[in-house]
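Heads up, run_39.csv below (CSV, C-alpha atoms and all ligand atoms):
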```csv
chain,number,residue,atom,x,y,z
A,42,MET,CA,0.0,0.0,0.0
A,43,ARG,CA,1.1,3.5,-0.7
A,44,ALA,CA,2.4,5.9,1.9
A,45,LEU,CA,0.1,8.7,2.8
A,46,VAL,CA,2.6,10.5,5.0
A,47,SER,CA,6.3,9.9,5.0
A,48,VAL,CA,8.3,11.3,7.9
A,49,SER,CA,12.0,11.1,7.2
A,50,ASN,CA,14.9,12.0,9.4
A,51,LEU,CA,12.8,14.3,11.6
A,52,ARG,CA,14.9,16.2,14.1
A,53,VAL,CA,13.3,18.5,16.6
A,54,SER,CA,15.0,20.3,19.4
A,55,PHE,CA,13.8,22.7,22.1
A,56,ALA,CA,15.6,25.9,23.0
A,57,THR,CA,15.4,26.3,26.7
A,58,ARG,CA,17.0,29.1,28.7
A,59,GLN,CA,20.4,27.5,29.1
A,60,THR,CA,20.6,24.7,26.6
A,61,SER,CA,18.9,23.0,23.7
A,62,VAL,CA,17.2,19.7,24.2
A,63,GLU,CA,17.0,17.3,21.2
A,64,ALA,CA,13.6,15.7,21.7
A,65,VAL,CA,13.4,13.9,18.3
A,66,ARG,CA,16.7,12.7,16.8
A,67,GLY,CA,16.3,11.5,13.3
A,68,VAL,CA,12.9,9.7,13.2
A,69,SER,CA,11.5,8.1,10.1
A,70,PHE,CA,8.2,6.3,9.6
A,71,GLN,CA,5.4,6.1,7.1
A,72,VAL,CA,1.7,6.1,7.6
A,73,ARG,CA,0.2,4.0,4.8
A,74,GLU,CA,-3.0,4.7,3.1
A,75,ASP,CA,-6.1,3.2,4.8
A,76,SER,CA,-4.2,1.8,7.8
A,77,THR,CA,-3.4,2.5,11.4
A,78,LEU,CA,0.1,3.2,12.6
A,79,ALA,CA,0.8,3.2,16.3
A,80,LEU,CA,3.6,5.2,17.9
A,81,VAL,CA,4.5,3.6,21.3
A,82,GLY,CA,7.2,4.2,23.8
A,83,GLU,CA,7.6,5.6,27.3
A,84,SER,CA,6.8,9.1,28.5
A,85,GLY,CA,9.1,11.7,27.0
A,86,SER,CA,10.3,9.5,24.1
A,87,GLY,CA,9.1,12.0,21.5
A,88,LYS,CA,5.8,10.5,20.3
A,89,THR,CA,3.7,13.7,20.6
A,90,VAL,CA,6.5,15.9,19.2
A,91,SER,CA,6.9,13.6,16.2
A,92,ALA,CA,3.1,13.5,15.5
A,93,MET,CA,2.6,17.2,16.0
A,94,SER,CA,5.4,17.9,13.6
A,95,ILE,CA,3.2,16.6,10.8
A,96,LEU,CA,0.7,19.3,11.4
A,97,ARG,CA,3.3,21.8,12.6
A,98,LEU,CA,1.5,22.2,15.9
A,99,LEU,CA,4.7,22.4,17.9
A,100,PRO,CA,5.4,24.7,20.8
A,101,GLU,CA,7.0,28.0,19.9
A,102,ASN,CA,10.5,27.1,21.2
A,103,ALA,CA,10.7,24.0,18.9
A,104,VAL,CA,13.3,24.0,16.2
A,105,VAL,CA,12.9,21.6,13.3
A,106,ASP,CA,16.1,20.7,11.5
A,107,PRO,CA,15.9,21.9,7.9
A,108,ALA,CA,17.0,18.5,6.6
A,109,SER,CA,13.8,16.9,8.1
A,110,ARG,CA,10.9,16.0,5.7
A,111,VAL,CA,7.3,15.3,6.2
A,112,GLU,CA,5.9,14.4,2.8
A,113,TYR,CA,2.2,14.5,2.2
A,114,ALA,CA,0.9,14.1,-1.4
A,115,GLY,CA,4.3,15.1,-2.8
A,116,GLU,CA,4.6,18.2,-0.7
A,117,ASN,CA,7.0,18.8,2.2
A,118,LEU,CA,4.7,20.0,5.0
A,119,LEU,CA,7.7,21.3,7.0
A,120,THR,CA,8.3,24.0,4.4
A,121,ALA,CA,4.6,24.7,3.6
A,122,GLY,CA,3.3,28.2,4.3
A,123,SER,CA,1.0,29.0,7.1
A,124,ALA,CA,-2.0,29.5,4.8
A,125,ARG,CA,-1.5,26.1,3.3
A,126,LEU,CA,-1.2,24.5,6.7
A,127,ARG,CA,-4.5,26.1,7.8
A,128,GLU,CA,-6.1,24.7,4.8
A,129,LEU,CA,-4.9,21.2,5.5
A,130,ARG,CA,-5.5,21.2,9.2
A,131,GLY,CA,-9.0,19.9,10.1
A,132,ARG,CA,-9.7,19.1,6.5
A,133,GLU,CA,-7.1,16.6,5.3
A,134,ILE,CA,-5.3,16.0,8.5
A,135,SER,CA,-6.9,16.4,11.9
A,136,ALA,CA,-6.0,15.5,15.5
A,137,VAL,CA,-7.6,14.5,18.8
A,138,PHE,CA,-5.7,14.9,22.0
A,139,GLN,CA,-5.7,13.4,25.5
A,140,GLU,CA,-7.6,16.1,27.3
A,141,PRO,CA,-10.8,16.9,25.4
A,142,MET,CA,-11.6,19.9,27.7
A,143,SER,CA,-8.3,21.6,26.8
A,144,SER,CA,-9.2,21.4,23.1
A,145,LEU,CA,-12.9,22.3,23.3
A,146,ASN,CA,-13.9,25.9,23.7
A,147,PRO,CA,-15.8,26.2,27.0
A,148,VAL,CA,-17.8,29.3,26.0
A,149,LEU,CA,-19.2,27.9,22.7
A,150,THR,CA,-21.9,25.2,22.4
A,151,VAL,CA,-21.0,21.8,21.1
A,152,GLY,CA,-23.1,22.5,18.0
A,153,GLU,CA,-21.3,25.8,17.3
A,154,GLN,CA,-17.9,24.1,17.5
A,155,VAL,CA,-18.8,21.2,15.2
A,156,ALA,CA,-20.5,23.5,12.8
A,157,GLU,CA,-17.5,25.9,12.8
A,158,VAL,CA,-15.1,23.4,11.2
A,159,LEU,CA,-17.8,22.6,8.5
A,160,ARG,CA,-18.3,26.3,7.8
A,161,LEU,CA,-14.6,27.0,7.7
A,162,HIS,CA,-13.7,24.3,5.1
A,163,ARG,CA,-16.9,23.7,3.2
A,164,GLN,CA,-18.7,27.1,2.9
A,165,MET,CA,-21.8,25.6,4.5
A,166,GLY,CA,-24.6,27.9,5.8
A,167,VAL,CA,-25.3,28.0,9.5
A,168,ARG,CA,-28.5,25.9,9.3
A,169,GLN,CA,-27.0,23.3,7.0
A,170,ALA,CA,-23.8,23.1,9.2
A,171,LEU,CA,-25.9,22.5,12.4
A,172,GLU,CA,-27.9,19.9,10.6
A,173,ARG,CA,-24.8,18.1,9.6
A,174,ALA,CA,-23.3,18.6,13.1
A,175,ALA,CA,-26.3,16.7,14.6
A,176,GLU,CA,-25.7,13.8,12.2
A,177,LEU,CA,-22.0,13.8,13.2
A,178,LEU,CA,-22.9,13.7,16.9
A,179,ALA,CA,-25.2,10.8,16.2
A,180,GLU,CA,-22.4,9.0,14.2
A,181,VAL,CA,-20.0,9.3,17.2
A,182,GLY,CA,-22.7,7.9,19.5
A,183,ILE,CA,-23.9,10.9,21.4
A,184,PRO,CA,-27.5,10.3,22.7
A,185,GLU,CA,-30.1,12.9,21.8
A,186,PRO,CA,-27.7,14.6,19.4
A,187,ARG,CA,-30.1,17.4,18.5
A,188,ALA,CA,-30.6,18.5,22.1
A,189,ARG,CA,-26.9,18.2,22.7
A,190,LEU,CA,-26.1,20.8,20.0
A,191,ARG,CA,-27.0,23.4,22.6
A,192,ALA,CA,-25.0,21.9,25.4
A,193,TYR,CA,-21.7,23.4,26.6
A,194,PRO,CA,-18.7,21.1,26.9
A,195,HIS,CA,-18.8,21.1,30.7
A,196,GLU,CA,-22.3,19.6,30.5
A,197,LEU,CA,-21.0,16.5,28.9
A,198,SER,CA,-19.1,13.6,30.5
A,199,GLY,CA,-15.4,13.1,29.6
A,200,GLY,CA,-16.2,10.3,27.1
A,201,GLN,CA,-18.9,12.4,25.5
A,202,GLN,CA,-16.4,15.4,25.2
A,203,GLN,CA,-13.9,13.1,23.5
A,204,ARG,CA,-16.7,11.9,21.1
A,205,VAL,CA,-17.4,15.6,20.3
A,206,MET,CA,-13.6,16.1,19.6
A,207,ILE,CA,-13.8,13.1,17.3
A,208,ALA,CA,-16.9,14.4,15.5
A,209,ILE,CA,-15.0,17.7,14.9
A,210,ALA,CA,-11.9,15.8,13.7
A,211,ILE,CA,-13.8,13.7,11.2
A,212,ALA,CA,-16.3,16.4,10.1
A,213,ASN,CA,-14.4,17.1,6.9
A,214,GLU,CA,-13.5,13.4,6.2
A,215,PRO,CA,-9.8,13.9,6.7
A,216,LYS,CA,-7.3,11.5,5.1
A,217,LEU,CA,-5.3,11.2,8.3
A,218,LEU,CA,-6.5,11.3,11.9
A,219,ILE,CA,-3.8,11.8,14.5
A,220,ALA,CA,-5.1,10.4,17.8
A,221,ASP,CA,-2.6,11.3,20.7
A,222,GLU,CA,-3.6,9.1,23.6
A,223,PRO,CA,-7.2,9.9,23.0
A,224,THR,CA,-8.5,7.7,25.8
A,225,THR,CA,-6.1,8.0,28.6
A,226,ALA,CA,-8.3,10.4,30.5
A,227,LEU,CA,-11.3,8.1,30.1
A,228,ASP,CA,-12.4,5.1,32.1
A,229,VAL,CA,-11.8,1.6,30.8
A,230,THR,CA,-15.3,0.9,29.5
A,231,VAL,CA,-15.3,4.1,27.5
A,232,GLN,CA,-11.8,3.7,26.3
A,233,ARG,CA,-12.8,0.7,24.4
A,234,GLN,CA,-16.0,2.3,23.0
A,235,VAL,CA,-14.0,5.4,21.8
A,236,LEU,CA,-11.3,3.2,20.2
A,237,GLU,CA,-13.9,1.0,18.6
A,238,LEU,CA,-15.5,4.1,17.3
A,239,ILE,CA,-12.2,5.3,15.8
A,240,ALA,CA,-11.6,1.9,14.2
A,241,ARG,CA,-15.1,1.9,12.7
A,242,LEU,CA,-14.8,5.5,11.4
A,243,ARG,CA,-11.4,4.7,10.0
A,244,GLU,CA,-13.0,1.9,7.9
A,245,ARG,CA,-16.1,3.8,6.9
A,246,HIS,CA,-14.3,7.0,5.9
A,247,ARG,CA,-11.2,5.2,4.6
A,248,MET,CA,-8.9,7.3,6.7
A,249,SER,CA,-5.5,6.5,8.0
A,250,VAL,CA,-4.9,6.8,11.7
A,251,LEU,CA,-1.7,7.7,13.5
A,252,PHE,CA,-2.4,6.4,17.0
A,253,ILE,CA,-0.2,7.2,20.0
A,254,SER,CA,-0.6,5.1,23.1
A,255,HIS,CA,1.0,3.6,26.1
A,256,ASP,CA,-1.4,0.8,26.1
A,257,LEU,CA,0.1,-2.1,24.1
A,258,GLY,CA,-3.0,-4.2,24.5
A,259,LEU,CA,-4.9,-1.6,22.5
A,260,VAL,CA,-2.1,-1.2,20.0
A,261,GLY,CA,-2.1,-4.9,19.4
A,262,GLU,CA,-5.8,-4.8,18.5
A,263,LEU,CA,-5.9,-1.6,16.5
A,264,ALA,CA,-2.7,-1.0,14.7
A,265,ASP,CA,-1.5,-2.4,11.4
A,266,ASP,CA,2.0,-1.1,11.9
A,267,VAL,CA,4.0,-0.2,15.1
A,268,VAL,CA,6.8,2.3,15.6
A,269,VAL,CA,8.6,1.9,19.0
A,270,MET,CA,10.4,5.0,20.2
A,271,ARG,CA,12.7,5.8,23.0
A,272,ASP,CA,14.8,8.9,23.8
A,273,GLY,CA,13.8,10.5,20.5
A,274,ILE,CA,14.8,7.7,18.2
A,275,VAL,CA,13.0,4.8,16.6
A,276,ARG,CA,14.1,1.6,18.2
A,277,GLU,CA,12.1,-0.8,16.0
A,278,SER,CA,9.3,-0.6,13.6
A,279,GLY,CA,7.2,-3.0,11.5
A,280,PRO,CA,3.9,-4.8,11.1
A,281,VAL,CA,2.1,-5.3,14.4
A,282,GLU,CA,2.3,-9.1,14.3
A,283,ARG,CA,6.0,-9.1,13.9
A,284,ILE,CA,6.6,-6.5,16.6
A,285,PHE,CA,4.4,-8.4,19.1
A,286,HIS,CA,5.5,-11.9,18.3
A,287,ALA,CA,9.1,-11.5,17.3
A,288,PRO,CA,10.4,-8.3,18.8
A,289,GLN,CA,14.1,-7.8,17.9
A,290,ASP,CA,15.0,-4.8,20.1
A,291,PRO,CA,15.6,-5.4,23.8
A,292,TYR,CA,13.6,-2.2,24.5
A,293,THR,CA,10.6,-3.5,22.6
A,294,ARG,CA,10.8,-6.8,24.5
A,295,ALA,CA,11.0,-4.9,27.8
A,296,LEU,CA,8.1,-2.8,26.8
A,297,LEU,CA,6.0,-5.8,26.0
A,298,ALA,CA,7.0,-7.5,29.2
A,299,CYS,CA,6.0,-4.4,31.2
A,300,ARG,CA,2.4,-4.5,30.3
A,301,PRO,CA,0.5,-4.2,33.6
A,302,ARG,CA,-1.4,-7.3,34.6
A,303,LEU,CA,-4.7,-7.3,36.3
A,304,ASP,CA,-4.3,-10.7,37.9
A,305,ALA,CA,-1.3,-9.7,40.1
A,306,ARG,CA,-0.8,-6.9,42.6
A,307,PRO,CA,2.9,-6.1,42.4
A,308,ARG,CA,4.3,-4.1,45.2
A,309,ARG,CA,5.5,-1.5,42.7
A,310,LEU,CA,4.8,-1.4,39.0
A,311,PRO,CA,7.7,-3.0,37.1
A,312,VAL,CA,9.6,-0.4,35.1
A,313,ILE,CA,11.4,-0.8,31.8
A,314,GLU,CA,14.9,-1.0,33.5
A,315,ASP,CA,13.8,-4.0,35.5
A,316,PHE,CA,13.3,-5.9,32.3
A,317,MET,CA,16.2,-4.5,30.4
A,318,ARG,CA,18.5,-5.4,33.3
A,319,GLY,CA,16.8,-8.8,33.5
A,320,SER,CA,16.1,-8.5,37.2
A,321,PRO,CA,12.9,-10.3,38.2
A,322,VAL,CA,10.1,-8.3,39.7
A,323,THR,CA,8.7,-9.7,42.9
A,324,ASP,CA,5.0,-10.1,42.9
A,325,THR,CA,4.5,-9.7,46.7
A,326,PRO,CA,0.9,-8.6,47.1
A,327,LEU,CA,0.3,-5.4,48.9
A,328,SER,CA,-1.3,-5.8,52.3
A,329,ARG,CA,-4.6,-4.2,52.9
A,330,PRO,CA,-5.6,-2.5,56.1
A,331,ALA,CA,-8.6,-4.0,57.8
A,332,ALA,CA,-11.9,-2.4,57.2
A,333,GLY,CA,-12.8,-0.4,60.3
A,334,THR,CA,-15.0,2.5,61.1
A,335,PRO,CA,-15.8,4.5,58.0
A,336,VAL,CA,-14.1,7.9,57.6
A,337,VAL,CA,-16.3,8.9,54.8
A,338,GLN,CA,-20.0,7.9,54.5
A,339,ALA,CA,-22.0,8.9,51.5
A,340,LYS,CA,-25.8,8.4,51.8
A,341,HIS,CA,-28.4,8.6,49.1
A,342,LEU,CA,-26.5,11.3,47.2
A,343,ARG,CA,-28.6,12.8,44.4
A,344,LYS,CA,-27.8,15.4,41.7
A,345,GLU,CA,-30.1,16.8,39.1
A,346,PHE,CA,-28.9,19.2,36.3
A,347,ARG,CA,-31.2,21.5,34.3
A,348,LEU,CA,-30.6,20.9,30.5
A,349,ARG,CA,-31.7,23.6,28.2
A,350,THR,CA,-33.7,22.1,25.3
A,351,GLY,CA,-35.0,25.4,23.8
A,352,LEU,CA,-35.1,29.1,24.4
A,353,PHE,CA,-37.6,28.8,27.3
A,354,ARG,CA,-37.7,25.1,27.8
A,355,SER,CA,-35.5,22.9,30.0
A,356,LYS,CA,-35.6,19.5,31.4
A,357,SER,CA,-34.0,17.9,34.3
A,358,LEU,CA,-31.3,15.3,34.0
A,359,VAL,CA,-30.7,13.1,36.9
A,360,ALA,CA,-26.9,12.6,36.9
A,361,VAL,CA,-26.8,10.8,40.3
A,362,SER,CA,-29.9,9.3,41.7
A,363,ASP,CA,-29.2,7.4,44.9
A,364,VAL,CA,-25.6,6.6,45.7
A,365,SER,CA,-24.4,5.4,49.1
A,366,PHE,CA,-20.9,4.0,50.1
A,367,ASP,CA,-18.4,4.0,53.0
A,368,VAL,CA,-14.7,4.5,52.9
A,369,ALA,CA,-12.8,3.1,55.9
A,370,ARG,CA,-9.5,4.6,57.1
A,371,GLY,CA,-6.5,3.6,55.0
A,372,ARG,CA,-8.7,1.7,52.5
A,373,THR,CA,-9.2,2.5,48.8
A,374,VAL,CA,-12.6,2.4,47.3
A,375,GLY,CA,-12.9,2.1,43.5
A,376,LEU,CA,-15.8,3.8,41.9
A,377,VAL,CA,-16.3,2.2,38.5
A,378,GLY,CA,-18.9,2.5,35.8
A,379,GLU,CA,-19.3,3.5,32.2
A,380,SER,CA,-18.9,7.0,30.8
A,381,GLY,CA,-21.6,9.4,32.0
A,382,SER,CA,-22.7,7.1,34.8
A,383,GLY,CA,-21.9,9.8,37.4
A,384,LYS,CA,-18.6,8.8,39.0
A,385,THR,CA,-17.0,12.2,38.8
A,386,THR,CA,-20.2,13.9,39.9
A,387,VAL,CA,-20.4,11.6,43.0
A,388,ALA,CA,-16.8,12.6,43.9
A,389,MET,CA,-17.6,16.3,43.5
A,390,LEU,CA,-20.7,16.0,45.5
A,391,ALA,CA,-18.9,14.2,48.4
A,392,MET,CA,-16.3,17.0,48.5
A,393,ARG,CA,-19.0,19.6,48.0
A,394,LEU,CA,-17.3,21.0,44.9
A,395,LEU,CA,-20.8,20.6,43.5
A,396,GLU,CA,-24.0,21.2,45.5
A,397,ALA,CA,-26.0,18.0,45.9
A,398,THR,CA,-29.8,17.9,45.3
A,399,GLY,CA,-30.1,15.5,48.2
A,400,GLY,CA,-28.3,13.1,50.5
A,401,GLU,CA,-25.5,13.2,53.0
A,402,ALA,CA,-21.7,13.2,52.7
A,403,ARG,CA,-20.2,12.6,56.1
A,404,LEU,CA,-16.6,13.0,57.0
A,405,ASP,CA,-15.9,11.6,60.5
A,406,GLY,CA,-19.5,11.9,61.2
A,407,THR,CA,-20.0,15.6,60.1
A,408,ASP,CA,-22.4,16.0,57.2
A,409,LEU,CA,-20.4,18.3,54.9
A,410,LEU,CA,-23.5,19.1,52.9
A,411,GLN,CA,-25.0,20.9,55.9
A,412,LEU,CA,-22.0,23.1,56.8
A,413,THR,CA,-21.8,26.8,56.1
A,414,LEU,CA,-19.3,27.7,53.5
A,415,ALA,CA,-17.0,29.1,56.1
A,416,ARG,CA,-17.0,25.9,58.1
A,417,MET,CA,-16.6,23.9,54.9
A,418,MET,CA,-13.3,25.7,54.3
A,419,ALA,CA,-11.8,24.1,57.3
A,420,PHE,CA,-12.8,20.6,56.1
A,421,ARG,CA,-11.5,21.3,52.5
A,422,ARG,CA,-7.9,20.8,53.6
A,423,ARG,CA,-8.7,17.3,54.8
A,424,ILE,CA,-9.9,16.1,51.4
A,425,GLN,CA,-7.8,16.3,48.4
A,426,ILE,CA,-8.5,15.6,44.8
A,427,VAL,CA,-6.0,14.7,42.0
B,501,LIG,N1,7.8,23.0,24.9
B,501,LIG,C1,8.8,22.2,25.2
B,501,LIG,N2,10.0,22.7,25.7
B,501,LIG,C2,11.0,21.9,26.0
B,501,LIG,N3,11.0,20.6,25.9
B,501,LIG,C3,9.9,20.0,25.4
B,501,LIG,C4,8.7,20.8,25.1
B,501,LIG,N4,7.8,19.9,24.6
B,501,LIG,C5,8.3,18.6,24.7
B,501,LIG,N5,9.6,18.7,25.2
B,501,LIG,C6,10.5,17.6,25.4
B,501,LIG,O1,10.5,16.7,24.3
B,501,LIG,C7,10.6,15.4,24.7
B,501,LIG,C8,9.6,14.5,24.0
B,501,LIG,O2,8.3,14.9,24.5
B,501,LIG,P1,7.0,14.3,23.9
B,501,LIG,O3,5.9,15.1,24.4
B,501,LIG,O4,7.0,14.1,22.5
B,501,LIG,O5,7.0,12.9,24.6
B,501,LIG,P2,5.9,11.7,24.5
B,501,LIG,O6,6.6,10.5,24.0
B,501,LIG,O7,4.7,12.2,23.8
B,501,LIG,O8,5.5,11.5,26.1
B,501,LIG,P3,4.1,11.2,26.8
B,501,LIG,O9,3.9,9.7,26.6
B,501,LIG,O10,4.4,11.5,28.2
B,501,LIG,O11,3.1,12.0,26.1
B,501,LIG,C9,10.6,15.4,26.2
B,501,LIG,O12,11.9,15.2,26.7
B,501,LIG,C10,10.0,16.7,26.6
B,501,LIG,O13,10.5,17.1,27.8
B,502,MG,MG,2.7,12.6,24.4
```

Just dump the structure as structure tokens.
Ligand SMILES: Nc1ncnc2c1ncn2[C@@H]1O[C@H](COP(=O)(O)OP(=O)(O)OP(=O)(O)O)[C@@H](O)[C@H]1O
Ligand SMILES: [Mg+2]
Amino acid sequence: MRALVSVSNLRVSFATRQTSVEAVRGVSFQVREDSTLALVGESGSGKTVSAMSILRLLPENAVVDPASRVEYAGENLLTAGSARLRELRGREISAVFQEPMSSLNPVLTVGEQVAEVLRLHRQMGVRQALERAAELLAEVGIPEPRARLRAYPHELSGGQQQRVMIAIAIANEPKLLIADEPTTALDVTVQRQVLELIARLRERHRMSVLFISHDLGLVGELADDVVVMRDGIVRESGPVERIFHAPQDPYTRALLACRPRLDARPRRLPVIEDFMRGSPVTDTPLSRPAAGTPVVQAKHLRKEFRLRTGLFRSKSLVAVSDVSFDVARGRTVGLVGESGSGKTTVAMLAMRLLEATGGEARLDGTDLLQLTLARMMAFRRRIQIV
């Protein structure tokens, strides 16, 4: 199959106050037409910088070596003018990133943002663009797409925000979709749905996908080709079956061996060096403190949001209907569930970062929901969120 994008000898360095850091040191790879290429490698290995070089969406202090080439349809994008790049971005090549909220505009509705890319590249009228935006929201699996056109990004769950980003990215049927860890901020059930969505869209729209991920399990399922990076260079690349079943490079082997396992509870997560050095990782399970008196007790938490459905109409959306749980001292409670099921909302209610419609959130017996704001301030320090 033909190459859609050829990156050759890409070198990118960053000018910092004292020195210059070479983040990408002579990287070459090709994204073939109609296929998925995964860039994998540990944090800081240069995956994002390599991918963003294609669209020239690099930080201001980035310096691209003049001998580097990013060839797209016979054109070197690294020397293309800014008008040409604006024309290509969002139309022929588009991108979705890890944090949908940092890419979506908080003050524009979802409909306005999807319609905007259509109007920008396709000279569509407002009405027609909104009509198409609703179709796109339906295509990416957003329930009640028409009503959601009027929603603001913060009114959607993380998974839904990422789906909106994908709708924007595919609105103009690009040839290449760059997906930079598009699901790391999402929970596991939604990760899968979003990736399946990308895989389905790739097939239907005959796009190519440049997919960046830490998750080798997902890469194994989604990618046709894999590029393994470390410290700004390509350690190994090839078809996914070959890389997974017969890795040549010790780093690739270590990376594959490092995949976190769900069936064991290692004392500390194994790191690449453990495997490269060949030292075994002990699988001593962590001990759990006994369940004692609860520190936190949530009882019958409830939260309703008002959703605008028209100029004067609104309806109520029950985000959390009746949630109760206890957290004992020293223990960890996992709140799991699919996207939009209300997990984050529950946490915010329990910390009173969001006012509950009903229920109790007790910390050492005190119901935080009944406290005055001044007294709440004193409790804030005892609960932290990351
Ligand atoms: N604006 C910047 N200024 C200076 N250095 C930068 C800048 N952006 C990235 N770097 C450096 O470039 C290197 C590669 O970063 P990059 O973001 O491509 O890594 P990555 O492989 O995408 O990592 P992650 O998996 O954590 O996203 C890192 O050493 C990083 O510190
Ligand atoms: Mg990155």

Item to complete: Enumerate as a VMD selection string the residues within 12 Å of ligand MG 502 (chain B), counting only C-alpha atoms and all ligand atoms.
Response: chain A and resid 64 80 to 93 99 137 to 140 219 to 223 225 252 to 255 270 273

Worksheet item: Using all atoms listed in the file, which of A:Gln203, A:Ser47, A:Thr413, A:Thr386 sits nearest Met142 in chain A?
Response: A:Gln203

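Rounded to one decimal, CA of Val312 in chain A and CA of Asp272 in chain A lie 15.5 Å from each other.
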
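Residue neighbourhood of Leu414 in chain A, excluding near-sequence residues (fewer than 6 positions): Arg393, Leu394, Glu396, Phe420 and Arg421 of chain A, at 12 Å, using all atoms listed in the file.
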
Each side padded by 8 Å, which centre and which edge lengths in Å (one decimal) define the axis-aligned box around the listed atoms of range 371-390 of chain A? Give them as lines of an AutoDock Vina configuration file.
```
center_x = -14.6
center_y = 9.0
center_z = 42.9
size_x = 32.2
size_y = 30.6
size_z = 40.2
```

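Between atom P2 of ligand LIG 501 (chain B) and CA of Ser278 in chain A the interatomic distance comes to 16.8 Å.
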
Practice prompt. With a distance cut-off of 12 Å and only C-alpha atoms, select the neighbouring residues of Ala121 in chain A, excluding the residue or stretch itself and same-chain residues fewer than 5 positions from it, and output the selection as a PyMOL selection string.
Written response: chain A and resi 95-97+110-113+115-116+126-129

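Counting all atoms listed in the file, the residue from A:Leu159, A:Ser69, A:Asn50, A:Ile284 that sits nearest to Ala108 in chain A is A:Asn50.
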
Discussion item. Report as number ranges by chain all protein, DNA and RNA residues lying within 10 Å of range 173-189 of chain A, evaluated on only C-alpha atoms, omitting residues in the same chain fewer than 6 positions from it.
Written reply: A: 150-159, 165, 167, 196-197, 200-209, 211-212, 234-235, 238-239, 241-242, 348-351

Discussion item. I need the residue nearest ligand LIG 501 (chain B) from this list: A:Ala103, A:Ala79, A:Val374, A:Val368. Use all atoms listed in the file for the distance.
Written reply: A:Ala103

Discussion item. Please list as a list in words every residue within 12 Å of Arg343 in chain A, counting all atoms listed in the file and excluding residues in the same chain fewer than 4 positions away.
Written reply: Ala339, Leu358, Val359, Ala360, Val361, Ser362, Asp363, Val364, Ser365, Gly383, Thr386, Val387, Ala388, Met389, Leu390, Ala391, Leu395, Glu396, Ala397, Thr398, Gly399, Gly400, Glu401, Ala402 and Leu410 of chain A

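CA of Asn102 in chain A is found 26.5 Å from CA of Val72 in chain A.
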
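Take the candidates A:Asp315, A:Glu237, A:Glu262, A:Glu214 and check each one against Leu78 in chain A using all atoms listed in the file; the shortest distance goes to A:Glu262.
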
Discussion item. Just want the 6 Å neighbourhood of range 51-58 of chain A, counted on all atoms listed in the file, with same-chain residues fewer than 4 positions away dropped. Output as a list of chain:residue names.
Written reply: A:Val62, A:Glu63, A:Ala64, A:Val65, A:Arg66, A:Gly67, A:Val68, A:Asn102, A:Ala103, A:Val104, A:Val105, A:Asp106, A:Ser109

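Among A:Leu259, A:Leu296, A:Leu251, A:Val427, the residue with the shortest atom-to-atom distance to Thr224 in chain A, counting only C-alpha atoms, is A:Leu259.
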